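Novice: Hey, dropping structure.csv in here, CSV, C-alpha atoms and all ligand atoms:
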chain,number,residue,atom,x,y,z
S,7,MET,CA,18.3,149.9,-128.8
S,8,VAL,CA,19.5,151.1,-125.4
S,9,GLU,CA,23.3,151.7,-125.3
S,10,PRO,CA,24.6,151.3,-121.8
S,11,ASP,CA,28.3,151.5,-122.7
S,12,PRO,CA,30.8,154.3,-122.4
S,13,PRO,CA,31.5,156.9,-123.8
S,14,PHE,CA,27.7,157.6,-124.0
S,15,ASN,CA,27.0,157.4,-120.3
S,16,ARG,CA,29.9,159.5,-118.9
S,17,SER,CA,29.1,162.7,-117.1
S,18,THR,CA,31.0,165.2,-115.0
S,19,SER,CA,29.9,166.6,-111.6
S,20,ARG,CA,30.1,170.2,-113.0
S,21,GLN,CA,27.7,169.3,-115.8
S,22,ARG,CA,25.3,167.4,-113.6
S,23,SER,CA,25.0,170.2,-111.1
S,24,THR,CA,24.3,172.8,-113.8
S,25,LEU,CA,21.2,170.9,-114.9
S,26,ARG,CA,20.3,169.8,-111.4
S,27,GLU,CA,20.4,173.4,-110.2
S,28,ALA,CA,17.8,174.2,-112.8
S,29,GLY,CA,15.7,171.3,-111.5
S,30,ILE,CA,16.1,169.3,-114.7
S,31,GLN,CA,16.7,165.5,-115.0
S,32,ILE,CA,16.8,164.1,-118.5
S,33,GLU,CA,15.6,160.5,-118.6
S,34,ARG,CA,16.8,159.5,-122.0
S,35,VAL,CA,18.9,160.8,-124.9
S,36,LEU,CA,17.8,159.6,-128.3
S,37,VAL,CA,20.8,159.9,-130.6
S,38,SER,CA,20.2,159.7,-134.3
S,39,LYS,CA,22.1,157.6,-136.8
S,40,PRO,CA,23.4,158.8,-139.1
S,41,ARG,CA,24.8,162.0,-137.6
S,42,GLY,CA,28.1,164.0,-137.8
S,43,PHE,CA,30.9,163.6,-140.3
S,44,CYS,CA,29.9,162.8,-143.9
S,45,ALA,CA,32.3,161.2,-146.5
S,46,GLY,CA,33.2,164.6,-148.0
S,47,VAL,CA,34.2,166.0,-144.6
S,48,GLU,CA,36.1,162.8,-143.7
S,49,MET,CA,38.1,163.2,-146.9
S,50,ALA,CA,38.8,166.9,-146.5
S,51,ILE,CA,40.0,166.6,-142.9
S,52,LYS,CA,42.3,163.7,-143.6
S,53,ALA,CA,43.7,165.5,-146.7
S,54,LEU,CA,44.5,168.6,-144.6
S,55,VAL,CA,46.2,166.6,-141.9
S,56,TRP,CA,48.3,164.9,-144.6
S,57,MET,CA,49.3,168.3,-146.0
S,58,LEU,CA,50.5,169.3,-142.5
S,59,ARG,CA,52.4,166.1,-142.0
S,60,ILE,CA,54.2,166.4,-145.4
S,61,PHE,CA,54.9,170.1,-145.6
S,62,GLY,CA,54.8,171.1,-142.0
S,63,PRO,CA,53.3,174.5,-140.9
S,64,PRO,CA,52.3,176.8,-142.2
S,65,VAL,CA,49.8,175.2,-144.7
S,66,TYR,CA,47.3,177.7,-146.2
S,67,CYS,CA,43.7,176.8,-146.6
S,68,TYR,CA,41.3,178.8,-148.7
S,69,HIS,CA,38.1,179.1,-146.6
S,70,GLN,CA,37.4,177.0,-143.5
S,71,ILE,CA,38.2,173.4,-144.5
S,72,VAL,CA,34.7,172.5,-143.1
S,73,HIS,CA,32.3,174.7,-141.3
S,74,ASN,CA,32.9,173.6,-137.7
S,75,ARG,CA,34.5,175.9,-135.1
S,76,SER,CA,36.3,173.2,-133.1
S,77,VAL,CA,37.8,171.5,-136.2
S,78,VAL,CA,39.0,174.9,-137.5
S,79,GLU,CA,40.5,175.8,-134.1
S,80,ALA,CA,42.3,172.5,-133.9
S,81,PHE,CA,43.9,173.0,-137.4
S,82,GLU,CA,44.8,176.6,-136.5
S,83,LYS,CA,46.6,175.4,-133.4
S,84,ALA,CA,48.6,172.9,-135.6
S,85,GLY,CA,49.7,175.6,-138.0
S,86,VAL,CA,47.0,175.9,-140.7
S,87,VAL,CA,46.4,179.5,-141.8
S,88,PHE,CA,42.8,180.0,-143.1
S,89,ILE,CA,42.4,182.7,-145.6
S,90,GLU,CA,39.5,184.3,-147.4
S,91,ASP,CA,41.5,185.8,-150.3
S,92,ILE,CA,43.7,183.6,-152.3
S,93,SER,CA,46.1,186.4,-153.0
S,94,ASP,CA,47.1,186.2,-149.2
S,95,VAL,CA,49.0,182.9,-149.9
S,96,PRO,CA,52.7,183.7,-150.1
S,97,GLY,CA,54.3,182.5,-153.4
S,98,GLY,CA,55.3,178.8,-153.3
S,99,ALA,CA,53.4,177.9,-150.1
S,100,PRO,CA,51.3,174.7,-149.9
S,101,VAL,CA,47.6,175.4,-150.3
S,102,MET,CA,44.4,173.5,-149.8
S,103,LEU,CA,41.0,174.5,-151.2
S,104,SER,CA,38.1,173.7,-148.9
S,105,ALA,CA,35.5,171.0,-149.2
S,106,HIS,CA,32.8,173.5,-150.3
S,107,GLY,CA,34.3,174.0,-153.7
S,108,SER,CA,36.1,177.1,-155.1
S,109,ALA,CA,35.4,179.4,-158.1
S,110,PRO,CA,37.4,178.4,-161.2
S,111,GLN,CA,39.4,181.6,-161.0
S,112,VAL,CA,40.4,180.9,-157.4
S,113,VAL,CA,41.7,177.4,-158.4
S,114,LYS,CA,43.7,179.0,-161.2
S,115,GLU,CA,45.1,181.7,-159.0
S,116,ALA,CA,46.1,179.2,-156.3
S,117,GLU,CA,48.0,177.2,-159.0
S,118,ARG,CA,49.6,180.3,-160.5
S,119,ARG,CA,51.1,181.2,-157.1
S,120,GLY,CA,53.3,178.2,-157.5
S,121,GLY,CA,53.0,176.0,-154.4
S,122,PHE,CA,51.6,172.5,-154.1
S,123,VAL,CA,47.8,172.9,-154.4
S,124,VAL,CA,45.2,170.3,-153.4
S,125,ASP,CA,41.6,170.9,-154.0
S,126,ALA,CA,39.6,169.1,-151.3
S,127,VAL,CA,36.2,169.9,-152.9
S,128,CYS,CA,33.6,167.2,-152.2
S,129,PRO,CA,32.8,165.1,-155.3
S,130,LEU,CA,29.1,165.9,-154.8
S,131,VAL,CA,29.8,169.6,-155.1
S,132,THR,CA,31.9,168.9,-158.2
S,133,LYS,CA,28.8,167.2,-159.7
S,134,VAL,CA,26.8,170.4,-159.3
S,135,HIS,CA,29.7,172.4,-160.9
S,136,HIS,CA,29.7,170.0,-163.8
S,137,GLU,CA,25.9,170.3,-164.2
S,138,ALA,CA,26.2,174.1,-164.2
S,139,ARG,CA,29.0,174.1,-166.8
S,140,THR,CA,27.2,171.7,-169.1
S,141,ARG,CA,23.8,173.4,-169.0
S,142,ALA,CA,25.4,176.9,-169.5
S,143,LYS,CA,27.2,175.6,-172.6
S,144,ARG,CA,23.9,174.3,-173.9
S,145,ASN,CA,22.4,177.8,-173.6
S,146,TYR,CA,20.2,177.0,-170.5
S,147,GLU,CA,19.3,179.6,-168.0
S,148,ILE,CA,20.2,178.2,-164.6
S,149,VAL,CA,18.2,178.8,-161.4
S,150,TYR,CA,20.4,177.9,-158.4
S,151,ILE,CA,18.8,177.5,-155.0
S,152,GLY,CA,21.3,178.4,-152.4
S,153,HIS,CA,22.3,180.7,-149.6
S,154,LYS,CA,23.8,184.0,-150.6
S,155,GLY,CA,27.4,184.4,-149.4
S,156,HIS,CA,27.8,180.7,-148.4
S,157,ASP,CA,31.2,179.4,-149.6
S,158,GLU,CA,29.5,176.6,-151.7
S,159,ALA,CA,27.1,178.9,-153.4
S,160,VAL,CA,29.8,181.5,-154.1
S,161,GLY,CA,32.0,178.8,-155.7
S,162,THR,CA,29.2,177.2,-157.8
S,163,MET,CA,27.8,180.5,-159.0
S,164,ALA,CA,31.2,181.4,-160.3
S,165,VAL,CA,31.2,178.4,-162.6
S,166,ALA,CA,28.8,180.0,-165.1
S,167,PRO,CA,28.0,183.5,-163.7
S,168,GLU,CA,26.4,184.8,-167.0
S,169,SER,CA,23.8,182.0,-167.0
S,170,MET,CA,23.1,181.5,-163.3
S,171,HIS,CA,20.6,183.1,-160.9
S,172,LEU,CA,20.7,182.5,-157.2
S,173,VAL,CA,17.4,182.3,-155.4
S,174,GLU,CA,16.6,181.8,-151.8
S,175,SER,CA,12.8,181.8,-151.8
S,176,ARG,CA,9.7,181.2,-153.8
S,177,GLN,CA,9.2,184.9,-153.9
S,178,GLU,CA,12.6,185.5,-155.4
S,179,LEU,CA,11.8,182.9,-158.1
S,180,GLU,CA,8.5,184.5,-158.9
S,181,ASN,CA,10.3,187.8,-159.4
S,182,LEU,CA,13.0,186.3,-161.6
S,183,GLU,CA,13.1,187.3,-165.3
S,184,LEU,CA,14.9,184.9,-167.7
S,185,ARG,CA,16.1,185.3,-171.3
S,186,SER,CA,13.5,184.2,-173.8
S,187,ASP,CA,16.1,182.8,-176.3
S,188,ARG,CA,17.2,180.1,-173.8
S,189,ALA,CA,17.3,176.4,-174.7
S,190,GLY,CA,15.6,175.6,-171.4
S,191,VAL,CA,15.7,176.3,-167.6
S,192,ALA,CA,17.8,174.1,-165.3
S,193,LEU,CA,17.2,173.9,-161.6
S,194,LEU,CA,20.3,173.2,-159.5
S,195,ALA,CA,20.8,173.5,-155.7
S,196,GLN,CA,23.3,173.8,-152.9
S,197,THR,CA,23.9,170.3,-151.5
S,198,THR,CA,23.1,171.1,-147.9
S,199,LEU,CA,19.7,172.8,-148.1
S,200,SER,CA,16.7,171.7,-146.1
S,201,HIS,CA,14.4,169.5,-148.1
S,202,PHE,CA,11.4,171.7,-147.2
S,203,GLU,CA,13.2,174.8,-148.5
S,204,TRP,CA,14.2,173.0,-151.8
S,205,GLU,CA,10.8,171.4,-152.4
S,206,GLY,CA,8.9,174.7,-152.1
S,207,ILE,CA,11.0,176.3,-154.8
S,208,LEU,CA,11.0,173.1,-156.9
S,209,GLU,CA,7.2,173.1,-156.9
S,210,GLU,CA,7.1,176.8,-158.0
S,211,ALA,CA,9.7,176.2,-160.7
S,212,LYS,CA,7.7,173.2,-162.1
S,213,ALA,CA,4.6,175.3,-162.2
S,214,ARG,CA,6.3,178.2,-163.9
S,215,PHE,CA,8.7,176.7,-166.5
S,216,GLY,CA,7.4,174.1,-169.0
S,217,ASP,CA,11.0,173.7,-170.2
S,218,LEU,CA,12.4,172.8,-166.7
S,219,TRP,CA,15.5,170.5,-166.6
S,220,LEU,CA,16.3,168.7,-163.4
S,221,PRO,CA,19.4,166.6,-162.7
S,222,GLY,CA,18.9,162.8,-162.8
S,223,ARG,CA,19.9,162.7,-159.2
S,224,GLU,CA,18.9,165.6,-157.0
S,225,ASP,CA,21.7,167.9,-155.8
S,226,LEU,CA,20.9,167.7,-152.1
S,227,CYS,CA,23.5,165.2,-151.1
S,228,TYR,CA,23.0,161.8,-149.4
S,229,ALA,CA,24.4,163.1,-146.1
S,230,THR,CA,22.0,166.1,-146.0
S,231,THR,CA,19.0,163.8,-146.9
S,232,ASN,CA,19.8,161.1,-144.4
S,233,ARG,CA,20.4,163.4,-141.5
S,234,GLN,CA,17.2,165.2,-142.2
S,235,LYS,CA,15.2,161.9,-142.4
S,236,ALA,CA,16.7,161.0,-139.0
S,237,VAL,CA,15.9,164.3,-137.4
S,238,MET,CA,12.3,163.9,-138.5
S,239,GLU,CA,12.2,160.5,-136.7
S,240,LEU,CA,13.7,162.2,-133.6
S,241,ALA,CA,10.9,164.9,-133.7
S,242,LYS,CA,8.2,162.2,-133.3
S,243,ARG,CA,9.6,161.1,-130.0
S,244,ALA,CA,11.7,163.8,-128.4
S,245,ASP,CA,10.5,166.6,-126.2
S,246,ALA,CA,13.4,168.7,-127.3
S,247,ILE,CA,16.2,168.3,-130.0
S,248,LEU,CA,19.8,169.5,-129.8
S,249,VAL,CA,21.7,169.8,-133.1
S,250,VAL,CA,25.4,170.0,-132.6
S,251,GLY,CA,27.2,172.1,-135.2
S,252,SER,CA,28.5,175.6,-136.0
S,253,ALA,CA,26.4,178.7,-136.9
S,254,ASN,CA,27.9,178.9,-140.4
S,255,SER,CA,27.1,175.2,-141.2
S,256,SER,CA,24.3,175.2,-143.7
S,257,ASN,CA,23.4,171.5,-143.2
S,258,THR,CA,23.3,172.0,-139.4
S,259,ASN,CA,20.9,175.0,-139.7
S,260,ALA,CA,18.8,172.9,-142.1
S,261,LEU,CA,18.6,170.1,-139.4
S,262,VAL,CA,17.2,172.7,-137.0
S,263,SER,CA,14.6,173.9,-139.4
S,264,VAL,CA,13.6,170.4,-140.3
S,265,GLY,CA,13.3,169.4,-136.7
S,266,LYS,CA,10.9,172.3,-136.1
S,267,LYS,CA,8.9,171.7,-139.2
S,268,ALA,CA,8.6,168.0,-138.2
S,269,GLY,CA,6.8,169.1,-135.0
S,270,CYS,CA,9.5,169.6,-132.4
S,271,GLU,CA,9.4,173.4,-131.8
S,272,ARG,CA,12.1,173.0,-129.1
S,273,THR,CA,14.9,172.3,-131.6
S,274,ALA,CA,18.1,174.3,-131.2
S,275,ARG,CA,21.7,174.4,-132.6
S,276,ILE,CA,24.6,174.3,-130.2
S,277,ASP,CA,28.3,174.3,-130.7
S,278,GLY,CA,28.8,172.2,-127.7
S,279,PRO,CA,27.5,171.6,-124.1
S,280,ASP,CA,28.4,175.2,-123.0
S,281,ASP,CA,25.7,176.5,-125.4
S,282,ILE,CA,22.9,174.5,-123.8
S,283,ASP,CA,20.2,176.7,-122.3
S,284,PRO,CA,18.7,174.8,-119.4
S,285,ALA,CA,15.4,176.7,-119.9
S,286,MET,CA,15.1,175.0,-123.2
S,287,LEU,CA,15.1,171.6,-121.5
S,288,GLU,CA,12.6,172.4,-118.8
S,289,SER,CA,10.3,169.4,-118.1
S,290,ALA,CA,11.9,167.5,-121.1
S,291,LYS,CA,12.3,163.8,-120.4
S,292,THR,CA,13.5,162.6,-123.8
S,293,VAL,CA,16.1,164.8,-125.6
S,294,GLY,CA,16.9,164.1,-129.3
S,295,LEU,CA,20.4,164.6,-130.4
S,296,THR,CA,22.0,164.9,-133.8
S,297,ALA,CA,25.0,166.6,-135.4
S,298,GLY,CA,25.7,168.4,-138.7
S,299,ALA,CA,27.9,166.8,-141.3
S,300,SER,CA,31.0,168.7,-140.2
S,301,CYS,CA,30.7,168.1,-136.4
S,302,PRO,CA,33.1,165.7,-134.7
S,303,GLU,CA,31.6,162.8,-132.7
S,304,SER,CA,33.6,163.9,-129.6
S,305,LEU,CA,31.3,166.9,-129.3
S,306,VAL,CA,28.2,164.7,-129.4
S,307,GLU,CA,29.8,162.6,-126.6
S,308,GLU,CA,30.4,165.8,-124.5
S,309,VAL,CA,26.8,166.8,-124.9
S,310,ILE,CA,25.6,163.4,-123.7
S,311,ALA,CA,27.9,163.6,-120.8
S,312,TYR,CA,26.4,167.0,-119.9
S,313,LEU,CA,22.9,165.8,-120.2
S,314,ALA,CA,23.6,162.7,-118.0
S,315,PRO,CA,20.4,160.9,-118.9
S,316,SER,CA,19.1,158.7,-116.0
S,317,ALA,CA,17.9,155.9,-118.3
S,318,GLY,CA,20.8,156.1,-120.7
S,319,VAL,CA,21.1,156.6,-124.4
S,320,GLU,CA,19.1,155.1,-127.2
S,321,VAL,CA,20.3,155.1,-130.8
S,322,LEU,CA,17.6,155.8,-133.3
S,323,SER,CA,18.9,154.3,-136.5
S,324,VAL,CA,17.3,155.4,-139.7
S,325,ILE,CA,19.8,154.4,-142.3
S,326,ASP,CA,23.3,152.9,-142.5
S,327,GLU,CA,25.9,154.9,-144.5
S,328,ASP,CA,29.0,153.4,-146.0
S,329,GLU,CA,30.0,156.2,-148.5
S,330,TYR,CA,33.7,156.7,-148.8
S,331,PHE,CA,35.4,159.4,-150.9
S,332,PRO,CA,39.1,158.8,-151.6
S,333,LEU,CA,41.7,161.6,-151.0
S,334,PRO,CA,42.1,164.1,-153.9
S,335,PRO,CA,44.1,162.5,-156.8
S,336,LYS,CA,47.0,164.9,-156.6
S,337,LEU,CA,47.5,164.1,-152.9
S,338,ARG,CA,47.2,160.4,-153.6
S,339,GLU,CA,50.0,160.7,-156.1
S,340,LEU,CA,52.2,162.6,-153.7
S,341,LEU,CA,51.6,160.0,-151.0
S,342,ALA,CA,52.6,157.2,-153.4
S,343,GLU,CA,55.7,159.2,-154.3
S,344,ARG,CA,56.7,159.8,-150.7
S,345,PHE,CA,55.9,156.4,-149.3
S,346,GLY,CA,56.5,154.3,-152.3
S,347,SER,CA,53.2,152.5,-152.2
S,348,VAL,CA,49.5,153.4,-152.1
S,349,VAL,CA,48.4,154.5,-148.6
S,350,ASP,CA,45.3,152.6,-147.4
S,351,ASP,CA,43.3,155.7,-146.5
S,352,ARG,CA,40.1,153.7,-145.8
S,353,LYS,CA,41.6,152.4,-142.5
S,354,VAL,CA,42.0,155.9,-141.1
S,355,THR,CA,39.1,158.0,-139.9
S,356,ALA,CA,39.0,161.8,-139.7
S,357,ALA,CA,38.6,161.4,-135.9
S,358,ASP,CA,42.0,159.6,-135.9
S,359,ALA,CA,43.5,162.2,-138.1
S,360,LEU,CA,42.2,165.0,-135.8
S,361,ALA,CA,43.6,163.3,-132.8
S,362,GLU,CA,47.0,163.3,-134.5
S,363,LEU,CA,46.9,167.1,-134.7
S,364,GLU,CA,47.9,167.3,-131.1
S,365,ASP,CA,51.3,165.8,-132.0
S,366,LEU,CA,51.7,168.1,-134.9
S,367,SER,CA,51.0,171.2,-132.8
C,401,LIG,FE1,29.8,166.5,-149.6
C,401,LIG,FE2,27.3,166.5,-148.7
C,401,LIG,FE3,29.3,166.3,-147.0
C,401,LIG,FE4,28.8,168.6,-148.3
C,401,LIG,S1,27.5,167.6,-146.7
C,401,LIG,S2,30.8,167.6,-148.0
C,401,LIG,S3,28.1,167.8,-150.2
C,401,LIG,S4,28.8,164.8,-148.6
Let me see whether you can do it: turn the structure in this file into structure tokens.
Specialist:
Amino acid sequence: MVEPDPPFNRSTSRQRSTLREAGIQIERVLVSKPRGFCAGVEMAIKALVWMLRIFGPPVYCYHQIVHNRSVVEAFEKAGVVFIEDISDVPGGAPVMLSAHGSAPQVVKEAERRGGFVVDAVCPLVTKVHHEARTRAKRNYEIVYIGHKGHDEAVGTMAVAPESMHLVESRQELENLELRSDRAGVALLAQTTLSHFEWEGILEEAKARFGDLWLPGREDLCYATTNRQKAVMELAKRADAILVVGSANSSNTNALVSVGKKAGCERTARIDGPDDIDPAMLESAKTVGLTAGASCPESLVEEVIAYLAPSAGVEVLSVIDEDEYFPLPPKLRELLAERFGSVVDDRKVTAADALAELEDLS
């Protein structure tokens, strides 16, 4: 489907000239669907805006609420203070815990410090925490596929540290030694990995452990899976692919590696149009475009404007998403108390909520 309507076909003279100077004219932008915000990110952003509206600045947030530079900067401007150590929260201050999930001791410490605490963990991360807790109680050894140091991996590993082993590669799994008195081996994963990365280790684990337990529904979340399927379709048709998202966004980086694995070597991550290297688009006629799960649509629109495709924008639709995650229960209760009735959160998007930040700044 060719989409001729704004905002997809806007461009600015500065942006046009940058590519024109490099002798590049993009014919078509193929934009994938789905892309950008997932249900967990929608929920977390809206929740943090509510915290600001109710308590006023400063509101403290443990870890970046979602891994996107522009979103974090917008919240900072409006008075959110992002912290990496929960003991940096002044006693009694309102606190939000990020969408990536926090270690149980962080949640406890936040509550001990006495302010109003909202945990904006994505329910799909909570599912993995639950699997880890249950398997550990049943005396399983747990192999967790994740990225060392990533907020989600750190929070999940802290659920059952004595039973869990973080691996990043087949090699690390091969070298892993597990207790022989275990009831079994469970294989869990960070929700935002690339399918290729996860499948390689899964294969190895199946071959190695006869007593392997896998969750009924895989831990890689629907948003990760759908965006990766879509980027694989882009790779079949695009000369180059741009993935909009920040460097610390795991699912964004996974999209880049999937795009390359699927055959489009010229796949690159950008935070926005300023990061586009014209050399990468040399002789490209069709440019594929997608965005990580924490990237606002406004950045996708800016990239399209920069590329100014002569034949317009085509949406490559792979799957429709309609997932919705309600606000955290404690925040819902507070809203009901404050406003006397249940707030209909479904009608508000995270993009609307972010636009409101300007007024709160
Ligand atoms: Fe939840 Fe998946 Fe979004 Fe992470 S990427 S916040 S797990 S829906």
Novice: Leaving out S:Thr230 and any residue of its chain fewer than 4 positions from it, which residues lie within 12 Å of it when counting only C-alpha atoms, given as an NGL selection string?
Specialist: :S and (40-46 or 130 or 196-201 or 204 or 224-226 or 234-237 or 255-261 or 264 or 297-300 or 327)
Novice: Quick one: write out the picked residues with C-alpha atoms as a short mmCIF file (atom, residue, chain, number, x, y, z; two decimals), keeping the file's coordinate frame?
Specialist:
data_model
loop_
_atom_site.label_atom_id
_atom_site.label_comp_id
_atom_site.auth_asym_id
_atom_site.auth_seq_id
_atom_site.Cartn_x
_atom_site.Cartn_y
_atom_site.Cartn_z
CA PRO S 40 23.40 158.80 -139.10
CA ARG S 41 24.80 162.00 -137.60
CA GLY S 42 28.10 164.00 -137.80
CA PHE S 43 30.90 163.60 -140.30
CA CYS S 44 29.90 162.80 -143.90
CA ALA S 45 32.30 161.20 -146.50
CA GLY S 46 33.20 164.60 -148.00
CA LEU S 130 29.10 165.90 -154.80
CA GLN S 196 23.30 173.80 -152.90
CA THR S 197 23.90 170.30 -151.50
CA THR S 198 23.10 171.10 -147.90
CA LEU S 199 19.70 172.80 -148.10
CA SER S 200 16.70 171.70 -146.10
CA HIS S 201 14.40 169.50 -148.10
CA TRP S 204 14.20 173.00 -151.80
CA GLU S 224 18.90 165.60 -157.00
CA ASP S 225 21.70 167.90 -155.80
CA LEU S 226 20.90 167.70 -152.10
CA GLN S 234 17.20 165.20 -142.20
CA LYS S 235 15.20 161.90 -142.40
CA ALA S 236 16.70 161.00 -139.00
CA VAL S 237 15.90 164.30 -137.40
CA SER S 255 27.10 175.20 -141.20
CA SER S 256 24.30 175.20 -143.70
CA ASN S 257 23.40 171.50 -143.20
CA THR S 258 23.30 172.00 -139.40
CA ASN S 259 20.90 175.00 -139.70
CA ALA S 260 18.80 172.90 -142.10
CA LEU S 261 18.60 170.10 -139.40
CA VAL S 264 13.60 170.40 -140.30
CA ALA S 297 25.00 166.60 -135.40
CA GLY S 298 25.70 168.40 -138.70
CA ALA S 299 27.90 166.80 -141.30
CA SER S 300 31.00 168.70 -140.20
CA GLU S 327 25.90 154.90 -144.50
#
Novice: Could you tell me which of S:Ser76, S:Thr231, S:Thr292, S:Ser252 comes closest to ligand LIG 401 (chain C) if we count all atoms listed in the file?
Specialist: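 Closest to ligand LIG 401 (chain C) of all the choices is S:Thr231.
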Novice: If we count only C-alpha atoms, what is near S:Glu239 at a cut-off of 12 Å, once residues fewer than 4 positions away on the same chain are taken out, given as a list in words?
Specialist: Leu36, Val37, Ser38, Lys39, Pro40, Asn232, Arg233, Gln234, Lys235, Arg243, Ala244, Ile247, Leu261, Val264, Gly265, Lys266, Lys267, Ala268, Gly269, Cys270, Gly294, Leu295, Thr296, Val321, Leu322, Ser323, Val324 and Ile325 of chain S
Novice: Between atom CA of S:Pro63 and atom CA of S:Val124, what is the distance, to one decimal in Å?
Specialist: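 Answer for the atom CA of S:Pro63 to atom CA of S:Val124 separation: 15.5 Å.
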Novice: Which distance in Å separates atom CA of S:Gly190 and atom CA of S:Trp219, to one decimal?
Specialist: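 Atom CA of S:Trp219 lies 7.0 Å from atom CA of S:Gly190.
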Novice: Name the closest residue to ligand LIG 401 (chain C) among the candidates S:Val173, S:Leu58, S:Ala159, S:Val319; distances are taken between atoms, counting only C-alpha atoms and all ligand atoms.
Specialist: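 Closest residue, counting only C-alpha atoms and all ligand atoms: S:Ala159.
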Novice: Could you add N, CA and C atoms to stretch 96-111 of chain S and give me the result as a JSON list (two decimals), keeping the file's coordinate frame?
Specialist:
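Written out: result_25.json:
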[["chain", "number", "residue", "atom", "x", "y", "z"],
["S", 96, "PRO", "N", 51.37, 183.27, -149.60],
["S", 96, "PRO", "CA", 52.70, 183.70, -150.10],
["S", 96, "PRO", "C", 53.12, 182.74, -151.24],
["S", 97, "GLY", "N", 53.83, 183.28, -152.22],
["S", 97, "GLY", "CA", 54.30, 182.50, -153.40],
["S", 97, "GLY", "C", 54.96, 181.22, -152.96],
["S", 98, "GLY", "N", 54.60, 180.10, -153.57],
["S", 98, "GLY", "CA", 55.30, 178.80, -153.30],
["S", 98, "GLY", "C", 54.77, 178.05, -152.10],
["S", 99, "ALA", "N", 53.86, 178.63, -151.32],
["S", 99, "ALA", "CA", 53.40, 177.90, -150.10],
["S", 99, "ALA", "C", 52.37, 176.85, -150.45],
["S", 100, "PRO", "N", 52.31, 175.77, -149.65],
["S", 100, "PRO", "CA", 51.30, 174.70, -149.90],
["S", 100, "PRO", "C", 49.90, 175.24, -149.59],
["S", 101, "VAL", "N", 48.96, 174.90, -150.46],
["S", 101, "VAL", "CA", 47.60, 175.40, -150.30],
["S", 101, "VAL", "C", 46.58, 174.28, -150.43],
["S", 102, "MET", "N", 45.56, 174.35, -149.59],
["S", 102, "MET", "CA", 44.40, 173.50, -149.80],
["S", 102, "MET", "C", 43.17, 174.30, -149.98],
["S", 103, "LEU", "N", 42.32, 173.83, -150.89],
["S", 103, "LEU", "CA", 41.00, 174.50, -151.20],
["S", 103, "LEU", "C", 39.95, 173.72, -150.47],
["S", 104, "SER", "N", 39.01, 174.41, -149.85],
["S", 104, "SER", "CA", 38.10, 173.70, -148.90],
["S", 104, "SER", "C", 37.10, 172.78, -149.58],
["S", 105, "ALA", "N", 36.42, 172.01, -148.75],
["S", 105, "ALA", "CA", 35.50, 171.00, -149.20],
["S", 105, "ALA", "C", 34.25, 171.60, -149.91],
["S", 106, "HIS", "N", 34.01, 172.91, -149.71],
["S", 106, "HIS", "CA", 32.80, 173.50, -150.30],
["S", 106, "HIS", "C", 32.90, 173.82, -151.75],
["S", 107, "GLY", "N", 34.12, 173.73, -152.30],
["S", 107, "GLY", "CA", 34.30, 174.00, -153.70],
["S", 107, "GLY", "C", 34.66, 175.47, -153.93],
["S", 108, "SER", "N", 35.57, 175.71, -154.87],
["S", 108, "SER", "CA", 36.10, 177.10, -155.10],
["S", 108, "SER", "C", 35.72, 177.50, -156.54],
["S", 109, "ALA", "N", 35.69, 178.82, -156.72],
["S", 109, "ALA", "CA", 35.40, 179.40, -158.10],
["S", 109, "ALA", "C", 36.61, 178.99, -158.96],
["S", 110, "PRO", "N", 36.34, 178.75, -160.27],
["S", 110, "PRO", "CA", 37.40, 178.40, -161.20],
["S", 110, "PRO", "C", 38.59, 179.35, -161.15],
["S", 111, "GLN", "N", 38.31, 180.66, -161.02],
["S", 111, "GLN", "CA", 39.40, 181.60, -161.00],
["S", 111, "GLN", "C", 40.26, 181.52, -159.74]]
